[in-house]
Amino acid sequence: MSEAALIETETTAPFGVYVHWPFCLAKCPYCDFNSHVRHGGLSGEDQARFRDAYLTELAGFAARTGRRPVTSVFFGGGTPSLMAAETVGAILDEIGRLWGYGEDPEITLEANPTSVEAGRFSGYRAAGVNRLSIGIQALNDPDLKALGRQHTAKEALAALDIAKQRFDRISFDLIYGRQGQSEAEWEAELKEALGYAADHLSLYQLTIEPGTAFQALYEAGKLKMPSGERAERLYAITQELCERAGLPAYEVSNHARPGSESRHNLIYWRAHDYAGIGPGAHARITEGGTRAALSAIRNPEAWLDAVEAKGSGLEAEEKLSRAETADEYLLMGLRLSEGISRHRLEALSGTPLPDRTLAALMREGLLFCGEDSIKATAQGRMVLDRLILELSA
Amino acid sequence: MDKKSFTPQSHIRNFSIIAHIDHGKSTLADRLIQLCGGLTMREMKEQVLDSMEIERERGITIKAQTVRLEYKAKNGETYELNLIDTPGHVDFAYEVNRSLAACEGSLLVVDATQGVEAQTLANVYQAIEVDHEIIPVLNKTDLPASEPERVRQQIEDVIGLDASGALEISAKTGVGVDAVLEAIVERLPPPHGEVDKPLKALLVDSWYDAYLGVVVLVRIIDGALRKGQRIKLMSTGASYQVDTVGIFRPKKEMRDALGPGEIGFFTASIKQVADTRVGDTVTDERKPTEEALPGFKPAQPVVFCGLFPVDASDFEDLREAVAKLRLNDASFSYEMETSAALGFGFRCGFLGLLHLEIIRERLEREFNIELITTAPSVVYEIYLTDGKMLELHNPADMPDVQKIEHIEEPWIEASILVPDEFLGAVLKLCEDRRGRQKTLTYAGSRAMVVYALPLNEVVFDFYDRLKSVTRGYASFDYNITGYEDGDLVKMSILVNDEPVDALSVIVSRSRAEARGRAMVERLKDLIPRHLFKIPVQAAIGGKVIARETISAMRKDVTAKCYGGDITRKRKLLEKQKAGKKKMRSFGRVDIPQEAFIAALKMDAD
């Protein structure tokens with residue numbers, strides 16, 4: 001394999017477009033994503049302005065990447081299920097016009113399971129969305145309230161039912177390790193969830209992110225997080241139940257029936273290219289053998305003004321060094337059960353991995369090294385951040 | 001120059017000021033200078049010691065400074081007053097002693113709102129030892145909280161000085177300061193040198209001046225020191241030709257000669273400060289004095305520690321920096337040291353803990369080198385079975401136990417002044433540190449307790465502990481009394497079964513287990529969890545006396561990592577990598593640098 005190929009220029013490699021819709025009806029206290037509360041959503045007029053700006057941004061990216069088939073699109077947020085189906089349709093049509101789609105593209109949209117949003121599911125399907133990712137988060141109302149969610153458990157399950165009638169591929173999210181949640185409670189909740197599961201589940205252990213309402217609570221001592229030992233047991237329970245249900249983990253927090261993995265998210269974890277459209281969106285584009293990291297202005301209105309005035313809402317562009325490119329591959333790739341290619345990593349970084357460290361980590365049962373692949377074991381994945389630090393330092 | 005043109009000794013007064021920090025020494029000095037029409041001491045400091053930022057910050061004097069004042073007394077005569085400002089800290093006790101030896105008397109300045117402090121005591125006793133006439137001065141009597149009568153009584157009770165003639169002043173407002181000048185003339189004796197005798201001068205201090213080279217501060221006892229004269233330093237026998245002679249006003253003023261009783265400086269193309277030893281006798285090369293001045297002793301570092309650059313690539317910079325500091329501070333010594341744990345660095349000797357801290361701070365601030373400091377150690381005298389004696393500066397160099405006949409360690413006499421209510425805590429602290437009580441006396445509501453203590457129990461955190469158990473109300477001073485037999489052992493620390501040389505210490509056998517336990521417990525908290533469990537042990541020889549285990553990390557993984565913002569994760573990883581780099585690796589264990597010092601702090605209650 002040539003070095004250039006390792007980094008990625010082949011147009012046959014997966015290529016995704018991420019679309020960020022930054023608006024929410026309310027801010028969830030655990031969320032540190034780029035989201036902005038606009039009560040009642042955007043007016044039709046405003047939404048039209050944003051739509052036009054998204055289309056402008058798409059054209060800008062297409063001019064840089066050239067024509068190559070898009071294999072996946074992901075509408076994330078914020079709350080993309082607040083978008084009008086027409087807006088979604090316009091963006092998907094423009095992507096097709098600018099790049100063209102690969103065979104059987106995966107088009108995912110994140111949705112909140114309120115009745116209003118469920119009412120738009122048919123429209124999204126008609127606009128071209130073929131996979132739904134639903135933020136259910138919990139299956140009981142007190143916890144949903146504590147998590148700042150705008151829906152009840154019953155409403156969420158009703159939305160899931162509607163989704164199942166319209167879509168073949170459905171994922172939903174749950175957050176566990178919540179305050180006061182016992183291991184038995186989570187086990188029962190997860191078992192129930194597995195009963196509703198379609199082909200994919202994202203199960204995130206609650207983490208305190210900087211700048212969130214939960215962080216303030218946590219620092220004030222009003223939010224207790226599970227100890228390391230308890231967190232470990234909760235994670236172990238999760239792995240075991242999902243595996244038994246035929247939805248093994250293919251990534252730290254993501255479970256799928258084999259073949260139903262999120263192809264779009266795999267682009268991030270396998271370090272392929274993706275465009276990023278919308279306020280605060282990030283992108284990675286390989287140009288002339290070098291990876292560029294691009295990011296857009298976070299504030300929606302400032303982004304909109306920039307796009308309208310200058311034709312681009314991009315804020316920063318950084319050429320990644322070989323070491324940085326390798327670090328990103330290591331950082332993302334080891335999250336996957338399939339692991340990474342040692343050859344690709346070393347070709348990216350230009351330096352061999354330290355054999356002694358690898359041997360020690362294998363001896364401790366944290367790492368598995370095949371002929372070319374390096375994978376974290378189940379035990380290793382539990383302490384993956386530290387493992388990555390050992391390998392990259 | 002004609003002998004007759006020297007200031008007659010009857011019209012010279014040489015004095016120093018003894019005071020506790022913040023009792024108003026500098027303010028009084030400024031006032032005296034002002035009244036005699038000179039620059040203030042503060043202005044002078046800016047000129048003379050521009051680089052000694054730390055010295056000024058901490059309100060301490062490290063280098064002796066001197067100023068000559070011309071004072072027209074009430075009797076109509078003009079007098080030459082020489083004030084020597086001395087280092088005020090126990091670490092520089094010898095320098096203080098030599099500065100005092102250059103004067104005939106001193107002002108004892110006591111804050112009338114505070115009373116006598118331990119440090120004042122030690123310096124007063126030194127002054128009494130060199131036969132000073134002492135004028136007690138009660139400062140800050142303008143403040144409502146001042147109690148001149150009580151403090152007067154205290155001076156008599158605690159020090160045993162007649163305080164009936166104590167002057168009441170306010171250096172801040174200037175009230176009473178003229179009486180101080182008058183008392184200096186009236187009550188302090190003039191010098192009694194003989195101008196016809198061969199030159200005999202006391203080397204009070206020296207420092208490096210970028211323009212003049214080494215500047216030597218001297219007090220002429222007998223004879224005269226002239227420009228062009230060939231002189232000899234008696235301790236080394238080295239001779240030089242005098243280039244310049246002068247006095248400080250406090251600005252340098254050139255002279256042709258200095259006569260008996262006078263204080264001034266000379267330069268003589270001396271290359272290094274280390275060539276000029278405080279307390280040495282300066283004499284004429286051709287016509288030397290028969291007897292050197294008594295009391296000379298070469299500077300002797302008493303506390304040693306290793307200084308290592310945090311970043312190994314800074315080693316060459318560190319080498320240059322210590323050499324530069326040594327140029328101007330002969331009492332500081334260094335030699336290269338290699339540690340398995342910390343790489344290349346220097347084993348450095350200091351006069352005491354404050355001296356250590358000053359040097360370390362200067363290296364970090366002036367030379368911008370981040371340092372790891374290892375545990376301070378005293379100098380042990382190891383008597384070997386073959387009859388030889390070895391001075392041990394570094395626990396890592398401890399010879400094989402079989403070859404040791406016995407070990408001696410330095411002891412000090414510590415004076416602690418403490419308010420009643422904290423006395424119990426102070427006694428307990430001293431007892432815990434193997435102290436032997438010598439005396440306990442009261443002065444009003446304060447106790448003055450004198451303890452014999454092994455220096456190795458004091459060098460590390462004794463002062464911090466004292467401050468904490470007395471909420472800062474105790475004052476402390478000490479002097480080294482000599483060496484005593486000690487039942488001492490080398491305690492090693494093993495991390496993940498590997499000995500970490502920079503953490504080994506020499507301890508009293510009776511305290512070994514407690515200290516070992518405290519150290520491994522501390523290390524358990526200081527070393528972060530790793531991917532594997534790490535045993536931390538304290539051992540004497542092959543015997544483990546304390547053990548803790550740092551359990552393996554249980555869970556450390558980012559739950560959510562998608563949405564494409566990898567930059568943030570990568571930046572976080574880069575930060576972690578930088579943090580890991582700052583730690584020292586032993587096998588696969590990373591030890592944070594603060595662990596090397598913090599692990600040795602005992603009694604962390």
# chains A, B, ... in the order shown; residues from 1 in each chain; ligands from 1
>>> residues_around(residues="region 363-372 of chain B", least_positions_apart="2", cutoff="6 Å", atoms="only C-alpha atoms", output="list in words")
Leu307, Phe308, Pro309, Val310, Arg360 and Glu361 of chain B
>>> closest_atom_pairs(of="chain B", to="chain A", cutoff="6 Å", atoms="only C-alpha atoms", output="Markdown table")
| residue | atom | partner | partner_atom | distance |
| --- | --- | --- | --- | --- |
| B:Arg554 | CA | A:Gly228 | CA | 5.5 |
| B:Lys555 | CA | A:Val383 | CA | 5.0 |
| B:Asp556 | CA | A:Val383 | CA | 4.3 |
| B:Val557 | CA | A:Asp385 | CA | 5.0 |
| B:Ala559 | CA | A:Tyr204 | CA | 5.6 |
| B:Gly564 | CA | A:His282 | CA | 5.6 |
| B:Asp565 | CA | A:His282 | CA | 5.6 |
| B:Lys577 | CA | A:Ala393 | CA | 5.6 |
>>> write_last_selection(atoms="N, CA, C and O atoms", output="CSV table (one decimal), in the first residue's frame")
chain,number,residue,atom,x,y,z
B,554,ARG,N,-9.8,1.4,37.1
B,554,ARG,CA,-10.9,0.6,36.8
B,554,ARG,C,-11.6,1.0,35.5
B,554,ARG,O,-12.0,0.2,34.7
B,555,LYS,N,-11.9,2.3,35.3
B,555,LYS,CA,-12.6,2.7,34.1
B,555,LYS,C,-12.1,4.1,33.7
B,555,LYS,O,-12.1,5.0,34.5
B,556,ASP,N,-11.7,4.2,32.5
B,556,ASP,CA,-11.2,5.4,32.0
B,556,ASP,C,-11.4,5.4,30.5
B,556,ASP,O,-10.5,5.1,29.7
B,557,VAL,N,-12.7,5.7,30.1
B,557,VAL,CA,-12.9,5.7,28.7
B,557,VAL,C,-14.0,6.8,28.4
B,557,VAL,O,-15.0,6.9,29.1
B,559,ALA,N,-17.2,8.1,26.9
B,559,ALA,CA,-18.3,7.4,26.5
B,559,ALA,C,-18.7,7.8,25.1
B,559,ALA,O,-19.0,6.9,24.2
B,564,GLY,N,-17.8,14.1,14.9
B,564,GLY,CA,-16.8,14.6,14.1
B,564,GLY,C,-15.8,15.6,14.7
B,564,GLY,O,-14.8,15.9,14.2
B,565,ASP,N,-16.1,16.0,16.0
B,565,ASP,CA,-15.2,16.9,16.6
B,565,ASP,C,-14.0,16.1,17.3
B,565,ASP,O,-14.0,15.9,18.5
B,577,LYS,N,-0.4,13.9,27.2
B,577,LYS,CA,1.0,13.5,26.9
B,577,LYS,C,2.0,14.4,27.5
B,577,LYS,O,3.0,14.0,28.0
>>> residues_around(residues="Glu209 (chain A)", least_positions_apart="6", cutoff="7 Å", atoms="only C-alpha atoms", output="PyMOL selection string")
chain A and resi 30+32+215
>>> write_last_selection(atoms="all heavy atoms", output="short mmCIF file (atom, residue, chain, number, x, y, z; two decimals), in the first residue's frame")
data_model
loop_
_atom_site.label_atom_id
_atom_site.label_comp_id
_atom_site.auth_asym_id
_atom_site.auth_seq_id
_atom_site.Cartn_x
_atom_site.Cartn_y
_atom_site.Cartn_z
N TYR A 30 -26.95 17.57 30.44
CA TYR A 30 -25.73 16.77 30.28
C TYR A 30 -25.02 17.08 28.96
O TYR A 30 -23.89 16.65 28.74
CB TYR A 30 -26.07 15.26 30.32
CG TYR A 30 -27.13 14.88 29.31
CD1 TYR A 30 -26.78 14.57 28.00
CD2 TYR A 30 -28.48 14.86 29.66
CE1 TYR A 30 -27.75 14.25 27.06
CE2 TYR A 30 -29.46 14.55 28.73
CZ TYR A 30 -29.09 14.24 27.43
OH TYR A 30 -30.05 13.94 26.50
N ASP A 32 -23.09 18.79 25.90
CA ASP A 32 -22.11 19.85 25.62
C ASP A 32 -21.95 20.05 24.12
O ASP A 32 -20.98 20.61 23.67
CB ASP A 32 -20.77 19.51 26.27
CG ASP A 32 -20.07 18.37 25.57
OD1 ASP A 32 -20.76 17.48 25.02
OD2 ASP A 32 -18.82 18.34 25.57
N GLN A 215 -22.38 19.71 35.22
CA GLN A 215 -21.07 19.96 35.81
C GLN A 215 -21.20 20.88 37.02
O GLN A 215 -20.58 20.65 38.05
CB GLN A 215 -20.12 20.59 34.78
CG GLN A 215 -18.69 20.66 35.33
CD GLN A 215 -17.85 21.73 34.66
OE1 GLN A 215 -18.35 22.72 34.15
NE2 GLN A 215 -16.55 21.52 34.66
#
>>> residues_around(residues="Ala425 (chain B)", least_positions_apart="3", cutoff="8 Å", atoms="only C-alpha atoms", output="PyMOL selection string")
chain B and resi 422+428-429+469-470
>>> write_last_selection(atoms="all heavy atoms", output="short mmCIF file (atom, residue, chain, number, x, y, z; two decimals), in the first residue's frame")
data_model
loop_
_atom_site.label_atom_id
_atom_site.label_comp_id
_atom_site.auth_asym_id
_atom_site.auth_seq_id
_atom_site.Cartn_x
_atom_site.Cartn_y
_atom_site.Cartn_z
N PHE B 422 0.21 27.43 72.87
CA PHE B 422 0.73 26.49 71.88
C PHE B 422 1.91 25.68 72.42
O PHE B 422 2.50 24.88 71.69
CB PHE B 422 1.16 27.21 70.60
CG PHE B 422 0.08 28.04 69.98
CD1 PHE B 422 0.21 29.41 69.88
CD2 PHE B 422 -1.07 27.43 69.49
CE1 PHE B 422 -0.79 30.17 69.30
CE2 PHE B 422 -2.07 28.19 68.90
CZ PHE B 422 -1.94 29.56 68.81
N LYS B 428 5.36 18.63 72.03
CA LYS B 428 5.08 17.34 71.38
C LYS B 428 5.86 17.22 70.08
O LYS B 428 6.48 16.19 69.80
CB LYS B 428 3.58 17.20 71.11
CG LYS B 428 3.25 15.87 70.43
CD LYS B 428 1.77 15.63 70.30
CE LYS B 428 1.49 14.23 69.75
NZ LYS B 428 2.18 13.96 68.48
N LEU B 429 5.86 18.29 69.31
CA LEU B 429 6.59 18.28 68.04
C LEU B 429 8.07 17.98 68.28
O LEU B 429 8.67 17.15 67.61
CB LEU B 429 6.42 19.63 67.33
CG LEU B 429 7.18 19.82 66.02
CD1 LEU B 429 6.68 18.85 64.95
CD2 LEU B 429 7.04 21.26 65.51
N VAL B 469 1.44 24.22 63.80
CA VAL B 469 0.89 23.91 65.13
C VAL B 469 0.78 25.14 66.02
O VAL B 469 0.08 25.12 67.03
CB VAL B 469 1.66 22.79 65.89
CG1 VAL B 469 1.69 21.49 65.09
CG2 VAL B 469 3.06 23.23 66.27
N THR B 470 1.44 26.22 65.67
CA THR B 470 1.35 27.43 66.50
C THR B 470 0.65 28.56 65.75
O THR B 470 0.68 29.70 66.18
CB THR B 470 2.76 27.93 66.91
OG1 THR B 470 3.46 28.30 65.72
CG2 THR B 470 3.54 26.87 67.65
#
>>> closest_residue(among="A:Pro258, A:Gly211, A:Pro80, A:Gly370", to="Pro22 (chain A)", atoms="only C-alpha atoms")
A:Pro80
>>> residues_around(residues="region 205-221 of chain B", least_positions_apart="4", cutoff="6 Å", atoms="only C-alpha atoms", output="PyMOL selection string")
chain B and resi 102+193+200-201+260-267+270+273+278+328
>>> write_last_selection(atoms="N, CA and C atoms", output="CSV table (one decimal), in the first residue's frame")
chain,number,residue,atom,x,y,z
B,102,ALA,N,32.9,43.1,63.1
B,102,ALA,CA,33.4,44.3,62.5
B,102,ALA,C,33.0,45.6,63.1
B,193,GLY,N,42.3,50.7,67.0
B,193,GLY,CA,43.4,50.1,66.2
B,193,GLY,C,44.7,50.9,66.3
B,200,LYS,N,46.0,44.9,59.2
B,200,LYS,CA,45.2,43.7,59.7
B,200,LYS,C,43.8,44.1,59.5
B,201,ALA,N,43.1,43.4,58.5
B,201,ALA,CA,41.7,43.8,58.3
B,201,ALA,C,40.8,42.6,58.2
B,260,PRO,N,42.8,52.7,60.3
B,260,PRO,CA,42.3,51.9,61.4
B,260,PRO,C,40.9,52.3,61.8
B,261,GLY,N,40.0,51.3,62.1
B,261,GLY,CA,38.7,51.6,62.5
B,261,GLY,C,37.7,51.8,61.4
B,262,GLU,N,38.2,52.0,60.2
B,262,GLU,CA,37.3,52.3,59.1
B,262,GLU,C,36.8,51.1,58.4
B,263,ILE,N,35.6,51.3,57.8
B,263,ILE,CA,35.0,50.2,57.0
B,263,ILE,C,34.9,50.7,55.6
B,264,GLY,N,35.3,49.8,54.6
B,264,GLY,CA,35.2,50.2,53.2
B,264,GLY,C,35.4,49.0,52.4
B,265,PHE,N,35.7,49.3,51.1
B,265,PHE,CA,35.9,48.1,50.2
B,265,PHE,C,37.2,48.3,49.4
B,266,PHE,N,37.6,47.2,48.8
B,266,PHE,CA,38.7,47.3,47.8
B,266,PHE,C,38.5,46.3,46.7
B,267,THR,N,39.1,46.5,45.6
B,267,THR,CA,39.1,45.5,44.5
B,267,THR,C,40.6,45.2,44.2
B,270,ILE,N,40.5,40.2,41.7
B,270,ILE,CA,40.2,38.8,42.2
B,270,ILE,C,39.2,38.2,41.3
B,273,VAL,N,34.5,35.1,43.8
B,273,VAL,CA,34.1,35.4,45.2
B,273,VAL,C,34.6,34.2,46.1
B,278,VAL,N,34.7,34.9,53.9
B,278,VAL,CA,34.2,35.7,54.9
B,278,VAL,C,34.9,35.3,56.2
B,328,ASN,N,29.0,34.2,42.8
B,328,ASN,CA,28.7,35.2,43.7
B,328,ASN,C,28.3,34.7,45.1
>>> residues_around(residues="region 137-147 of chain A", least_positions_apart="4", cutoff="9 Å", atoms="only C-alpha atoms", output="PDB file with N, CA and C atoms, in the first residue's frame")
ATOM      1  N   CYS A  28     -30.480  20.224  27.244  1.00  0.00           N
ATOM      2  CA  CYS A  28     -30.387  19.122  28.204  1.00  0.00           C
ATOM      3  C   CYS A  28     -29.162  19.347  29.093  1.00  0.00           C
ATOM      4  N   PRO A  29     -29.296  19.063  30.389  1.00  0.00           N
ATOM      5  CA  PRO A  29     -28.238  19.443  31.336  1.00  0.00           C
ATOM      6  C   PRO A  29     -26.924  18.665  31.187  1.00  0.00           C
ATOM      7  N   TYR A  30     -26.947  17.566  30.439  1.00  0.00           N
ATOM      8  CA  TYR A  30     -25.728  16.766  30.276  1.00  0.00           C
ATOM      9  C   TYR A  30     -25.022  17.078  28.963  1.00  0.00           C
ATOM     10  N   HIS A 151     -39.957  14.789  26.796  1.00  0.00           N
ATOM     11  CA  HIS A 151     -40.943  13.751  26.456  1.00  0.00           C
ATOM     12  C   HIS A 151     -41.060  12.759  27.611  1.00  0.00           C
ATOM     13  N   THR A 152     -42.166  12.021  27.615  1.00  0.00           N
ATOM     14  CA  THR A 152     -42.337  10.952  28.603  1.00  0.00           C
ATOM     15  C   THR A 152     -41.864   9.642  27.979  1.00  0.00           C
ATOM     16  N   ALA A 153     -41.774   8.618  28.830  1.00  0.00           N
ATOM     17  CA  ALA A 153     -41.364   7.302  28.325  1.00  0.00           C
ATOM     18  C   ALA A 153     -42.413   6.762  27.357  1.00  0.00           C
ATOM     19  N   LYS A 154     -43.657   6.988  27.705  1.00  0.00           N
ATOM     20  CA  LYS A 154     -44.755   6.469  26.866  1.00  0.00           C
ATOM     21  C   LYS A 154     -44.708   7.131  25.487  1.00  0.00           C
ATOM     22  N   ALA A 156     -42.137   8.401  24.087  1.00  0.00           N
ATOM     23  CA  ALA A 156     -40.945   7.941  23.372  1.00  0.00           C
ATOM     24  C   ALA A 156     -41.220   6.610  22.688  1.00  0.00           C
ATOM     25  N   LEU A 157     -41.886   5.692  23.431  1.00  0.00           N
ATOM     26  CA  LEU A 157     -42.139   4.377  22.849  1.00  0.00           C
ATOM     27  C   LEU A 157     -43.156   4.471  21.702  1.00  0.00           C
ATOM     28  N   PHE A 172     -31.628   3.678  18.839  1.00  0.00           N
ATOM     29  CA  PHE A 172     -31.962   4.680  19.855  1.00  0.00           C
ATOM     30  C   PHE A 172     -30.898   4.736  20.932  1.00  0.00           C
ATOM     31  N   ASP A 173     -30.878   5.902  21.603  1.00  0.00           N
ATOM     32  CA  ASP A 173     -29.853   6.177  22.623  1.00  0.00           C
ATOM     33  C   ASP A 173     -30.426   5.992  24.011  1.00  0.00           C
ATOM     34  N   LEU A 174     -29.630   5.481  24.903  1.00  0.00           N
ATOM     35  CA  LEU A 174     -29.957   5.509  26.327  1.00  0.00           C
ATOM     36  C   LEU A 174     -28.733   6.022  27.080  1.00  0.00           C
ATOM     37  N   ILE A 175     -29.010   6.704  28.193  1.00  0.00           N
ATOM     38  CA  ILE A 175     -27.917   7.147  29.064  1.00  0.00           C
ATOM     39  C   ILE A 175     -28.007   6.337  30.347  1.00  0.00           C
ATOM     40  N   TYR A 176     -26.907   5.765  30.789  1.00  0.00           N
ATOM     41  CA  TYR A 176     -26.952   5.007  32.044  1.00  0.00           C
ATOM     42  C   TYR A 176     -25.850   5.492  32.986  1.00  0.00           C
ATOM     43  N   ARG A 178     -26.836   6.822  35.669  1.00  0.00           N
ATOM     44  CA  ARG A 178     -27.476   8.049  36.126  1.00  0.00           C
ATOM     45  C   ARG A 178     -27.482   8.090  37.641  1.00  0.00           C
ATOM     46  N   GLN A 179     -27.718   9.293  38.139  1.00  0.00           N
ATOM     47  CA  GLN A 179     -27.705   9.464  39.589  1.00  0.00           C
ATOM     48  C   GLN A 179     -28.711   8.529  40.252  1.00  0.00           C
ATOM     49  N   GLU A 189     -33.862  -2.073  33.049  1.00  0.00           N
ATOM     50  CA  GLU A 189     -34.174  -1.085  32.021  1.00  0.00           C
ATOM     51  C   GLU A 189     -33.590  -1.498  30.674  1.00  0.00           C
ATOM     52  N   LEU A 190     -32.350  -1.989  30.725  1.00  0.00           N
ATOM     53  CA  LEU A 190     -31.692  -2.382  29.479  1.00  0.00           C
ATOM     54  C   LEU A 190     -32.389  -3.592  28.859  1.00  0.00           C
ATOM     55  N   GLU A 192     -35.504  -4.324  29.092  1.00  0.00           N
ATOM     56  CA  GLU A 192     -36.720  -3.809  28.469  1.00  0.00           C
ATOM     57  C   GLU A 192     -36.381  -3.154  27.123  1.00  0.00           C
ATOM     58  N   ALA A 193     -35.306  -2.355  27.145  1.00  0.00           N
ATOM     59  CA  ALA A 193     -34.899  -1.641  25.922  1.00  0.00           C
ATOM     60  C   ALA A 193     -34.536  -2.613  24.806  1.00  0.00           C
ATOM     61  N   LEU A 203     -25.487   3.186  23.778  1.00  0.00           N
ATOM     62  CA  LEU A 203     -25.648   3.182  25.236  1.00  0.00           C
ATOM     63  C   LEU A 203     -24.488   3.948  25.862  1.00  0.00           C
ATOM     64  N   TYR A 204     -24.793   5.157  26.309  1.00  0.00           N
ATOM     65  CA  TYR A 204     -23.727   6.035  26.809  1.00  0.00           C
ATOM     66  C   TYR A 204     -23.739   6.092  28.317  1.00  0.00           C
TER      67      TYR A 204
END
>>> residues_around(residues="Ile159 (chain B)", least_positions_apart="4", cutoff="9 Å", atoms="only C-alpha atoms", output="list in words")
Val116, Leu121, Val124, Tyr125, Gln154 and Ile155 of chain B
>>> write_last_selection(atoms="all heavy atoms", output="compact mmCIF listing (two decimals), in the first residue's frame")
# COMPACT_ATOMS: atom_id res chain seq x y z
N VAL B 116 10.20 40.69 72.06
CA VAL B 116 11.40 40.00 71.60
C VAL B 116 11.05 38.70 70.87
O VAL B 116 10.16 37.98 71.31
CB VAL B 116 12.31 39.70 72.81
CG1 VAL B 116 13.55 38.93 72.38
CG2 VAL B 116 12.71 41.00 73.50
N LEU B 121 16.93 37.13 69.62
CA LEU B 121 17.72 36.59 70.72
C LEU B 121 19.06 36.05 70.24
O LEU B 121 20.11 36.38 70.76
CB LEU B 121 16.96 35.42 71.35
CG LEU B 121 15.97 35.77 72.43
CD1 LEU B 121 15.33 34.50 72.95
CD2 LEU B 121 16.69 36.49 73.56
N VAL B 124 21.36 38.76 69.29
CA VAL B 124 21.83 39.54 70.45
C VAL B 124 22.93 38.76 71.17
O VAL B 124 23.96 39.32 71.54
CB VAL B 124 20.68 39.84 71.43
CG1 VAL B 124 21.23 40.45 72.71
CG2 VAL B 124 19.70 40.80 70.79
N TYR B 125 22.72 37.47 71.35
CA TYR B 125 23.74 36.67 72.03
C TYR B 125 25.05 36.70 71.27
O TYR B 125 26.12 36.76 71.85
CB TYR B 125 23.24 35.24 72.24
CG TYR B 125 22.13 35.16 73.28
CD1 TYR B 125 21.04 34.31 73.10
CD2 TYR B 125 22.17 35.96 74.42
CE1 TYR B 125 20.02 34.26 74.03
CE2 TYR B 125 21.15 35.91 75.35
CZ TYR B 125 20.07 35.07 75.17
OH TYR B 125 19.07 35.03 76.09
N GLN B 154 10.68 42.74 79.34
CA GLN B 154 10.99 41.50 78.62
C GLN B 154 12.45 41.45 78.20
O GLN B 154 13.10 40.41 78.29
CB GLN B 154 10.08 41.41 77.39
CG GLN B 154 9.91 40.02 76.86
CD GLN B 154 9.27 40.03 75.48
OE1 GLN B 154 9.33 41.02 74.75
NE2 GLN B 154 8.65 38.93 75.15
N ILE B 155 12.97 42.60 77.76
CA ILE B 155 14.38 42.65 77.34
C ILE B 155 15.27 42.30 78.55
O ILE B 155 16.24 41.55 78.42
CB ILE B 155 14.74 44.03 76.76
CG1 ILE B 155 14.01 44.24 75.42
CG2 ILE B 155 16.25 44.19 76.58
CD1 ILE B 155 14.15 45.63 74.84
>>> select_by_dssp(residues="region 100-252 of chain B", states="strand (DSSP E)", output="short mmCIF file (atom, residue, chain, number, x, y, z; two decimals) with C-alpha atoms, in the first residue's frame")
data_model
loop_
_atom_site.label_atom_id
_atom_site.label_comp_id
_atom_site.auth_asym_id
_atom_site.auth_seq_id
_atom_site.Cartn_x
_atom_site.Cartn_y
_atom_site.Cartn_z
CA GLY B 105 28.27 48.04 69.15
CA SER B 106 24.75 47.49 67.97
CA LEU B 107 21.25 48.81 68.14
CA LEU B 108 18.77 46.24 69.34
CA VAL B 109 15.51 47.20 67.68
CA VAL B 110 12.40 45.63 69.18
CA ASP B 111 8.88 46.25 68.00
CA GLU B 133 27.85 47.64 73.62
CA ILE B 134 24.13 47.31 72.95
CA ILE B 135 21.59 50.13 72.80
CA PRO B 136 18.02 48.86 73.13
CA VAL B 137 15.61 50.75 70.87
CA LEU B 138 11.86 50.34 71.21
CA ASN B 139 10.26 51.00 67.86
CA LEU B 167 15.17 54.64 73.55
CA GLU B 168 11.55 54.98 72.54
CA LYS B 200 45.22 43.74 59.66
CA ALA B 201 41.68 43.83 58.26
CA LEU B 202 38.62 41.63 58.64
CA LEU B 203 37.05 40.37 55.43
CA VAL B 204 33.37 41.02 56.15
CA ASP B 205 31.81 40.03 52.83
CA SER B 206 32.41 40.03 49.11
CA TRP B 207 30.38 39.96 45.95
CA TYR B 208 30.77 40.04 42.23
CA ASP B 209 30.34 43.31 40.41
CA GLY B 213 35.07 42.15 39.49
CA VAL B 214 35.07 40.88 43.06
CA VAL B 215 34.39 43.66 45.57
CA VAL B 216 35.63 42.96 49.09
CA LEU B 217 34.12 44.61 52.14
CA VAL B 218 36.65 45.04 54.95
CA ARG B 219 36.99 46.50 58.41
CA ILE B 220 40.47 47.83 59.08
CA ILE B 221 41.69 46.77 62.52
CA ASP B 222 45.31 47.94 62.44
CA LEU B 225 44.95 49.68 53.23
CA ARG B 226 46.15 51.66 50.23
CA ARG B 230 50.35 44.22 47.69
CA ILE B 231 48.07 42.37 50.07
CA LYS B 232 47.66 38.80 51.19
CA LEU B 233 44.62 36.79 52.26
CA SER B 239 48.27 37.74 47.24
CA TYR B 240 46.90 40.53 45.09
CA GLN B 241 47.60 44.11 44.19
CA THR B 244 40.81 50.53 44.06
CA VAL B 245 39.85 51.47 47.59
CA GLY B 246 36.65 53.17 48.63
CA ILE B 247 33.70 53.57 50.89
CA PHE B 248 29.93 53.33 50.49
CA LYS B 252 30.67 53.98 45.97
#
